[in-house]
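Here is the structure we will look at, set down as structure tokens.
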2 protein chains.
Amino acid sequence: MENSTAQTKELIQPLVLTPEALLDHWQGHRKLTRRVIEAFPENELFQYSVGGMRPFSELALEMVNMAGPGIRGIATNKWEKFEESDRPAPKTKEEILGLWDETTEQINVYWPQIPPHRFQEVMTAFGQWEGSGHWILFYFIDNEIHHRGQGYVYLRSLGIEPPPFWDRQ
Amino acid sequence: MENSTAQTKELIQPLVLTPEALLDHWQGHRKLTRRVIEAFPENELFQYSVGGMRPFSELALEMVNMAGPGIRGIATNKWEKFEESDRPAPKTKEEILGLWDETTEQINVYWPQIPPHRFQEVMTAFGQWEGSGHWILFYFIDNEIHHRGQGYVYLRSLGIEPPPFWDRQ
């Protein structure tokens, strides 16, 4: 009796989050990060930083390099090495926003191709980081929130009001 | 036929995240934030900031005020007003860490009491912010990641190496 209850508990779980809700969650955060990129003046985006940290252009590029190949990896479980891109580093805000928007599309295209079991499957992202699908996806999202928080400080210390954190539209 | 497929799709969803995995996710982030609080020297925790933003003690206290009453709200759907606390503001790092650890306990106690439907139920957190249970929980978590990212910049600009972002143990 106890055994069968335990087994049922493993098989039937309360619905915390649908795949669609997780996609909305991620793309909502990405909309906000896009506005943070836009809020930087052109030069400061590439040159300004606080405490010897990377400028926001490099943080945004890290997000792009993680999200695009990352969603392909989650959908297909084929992983490239991290940041092995042939693409030359973007030199303007417009180029970064262009890459951002391409990534938005890639996520929307690959998302419905994620097999249902993939969220629980343990894999090695970029041949380097082992975790379940949901763990890896949240790593991408949380890394973006973390670095974007850094960007808020850069903006404030430049005297620029950052976009509101709660607005994900 | 189409109708019944649509209905089944609404009722049966891939398992993205169990409640236990979401609890681990949150508490993992909270362990890291605790280390960030610890990394600040006593005075700088209460006084240092960049760009006119709040010192990290105030950010940590916002997290405590959100998480403790927040998890009680999620579990019971009874909400107090946000930050209406009778407790005097803590004046030392030790007091903040004490509040942090109390909150850790509260989350662990209330979490198993969350009714299964609560993650999808729309409610008004703190009588103020409307969203589903999962949306509100992720708001708590993401707000913490966001402000902690700010704390990383404060630490770096103080010449202090922050704890590694990926370590949630």
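A note on labels: chains of the structure tokens are A, B, ... as shown, every chain counts residues from 1, and ligands are counted from 1 in their shown order.
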
Show me, as JSON, numbers by chain, the residues that have an atom within 12 Å of Phe40 of chain B when counting only C-alpha atoms, minus same-chain residues fewer than 6 positions from it. {"B": [33, 34, 46, 47, 48, 49, 55, 56, 57, 60, 92, 93, 94, 96, 97, 151, 152, 153, 154, 155, 156, 157, 158, 159, 160, 161, 162, 163]}

Report as a ChimeraX atom specification the set of chain B residues whose atoms approach chain A to within 8 Å, with distances computed over only C-alpha atoms. /B:13-19,50-53,116-117,119-120,134,142,145-150,152-154,156-159

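Remark: for Leu61 of chain B, the closest of the candidate residues B:Ile136, B:Ala39, B:Val122, B:Leu45 is B:Leu45 (distances computed over only C-alpha atoms).
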
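Residue-level DSSP output for chain B, from the backbone, shows strand (DSSP E) at Val122, Met123, Thr124, Ala125, Trp129, Glu130, Gly131 and Ser132 of chain B.
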
Based on the selection just made, write C-alpha atoms of those residues as a JSON list (two decimals), in the first residue's frame.
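Below is the file selection09.json, written as the result:
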```json
[["chain", "number", "residue", "atom", "x", "y", "z"],
["B", 122, "VAL", "CA", -4.49, 33.37, -9.88],
["B", 123, "MET", "CA", -4.19, 35.39, -6.68],
["B", 124, "THR", "CA", -3.21, 38.87, -5.55],
["B", 125, "ALA", "CA", 0.09, 38.69, -3.71],
["B", 129, "TRP", "CA", 0.27, 41.99, -7.42],
["B", 130, "GLU", "CA", -1.98, 39.68, -9.42],
["B", 131, "GLY", "CA", -0.59, 36.51, -10.96],
["B", 132, "SER", "CA", -0.66, 32.73, -10.82]]
```

In segment 32-125 of chain B, DSSP alpha helix (DSSP H) residues written as a PyMOL selection string: chain B and resi 32-39+42-47+56-76+93-110
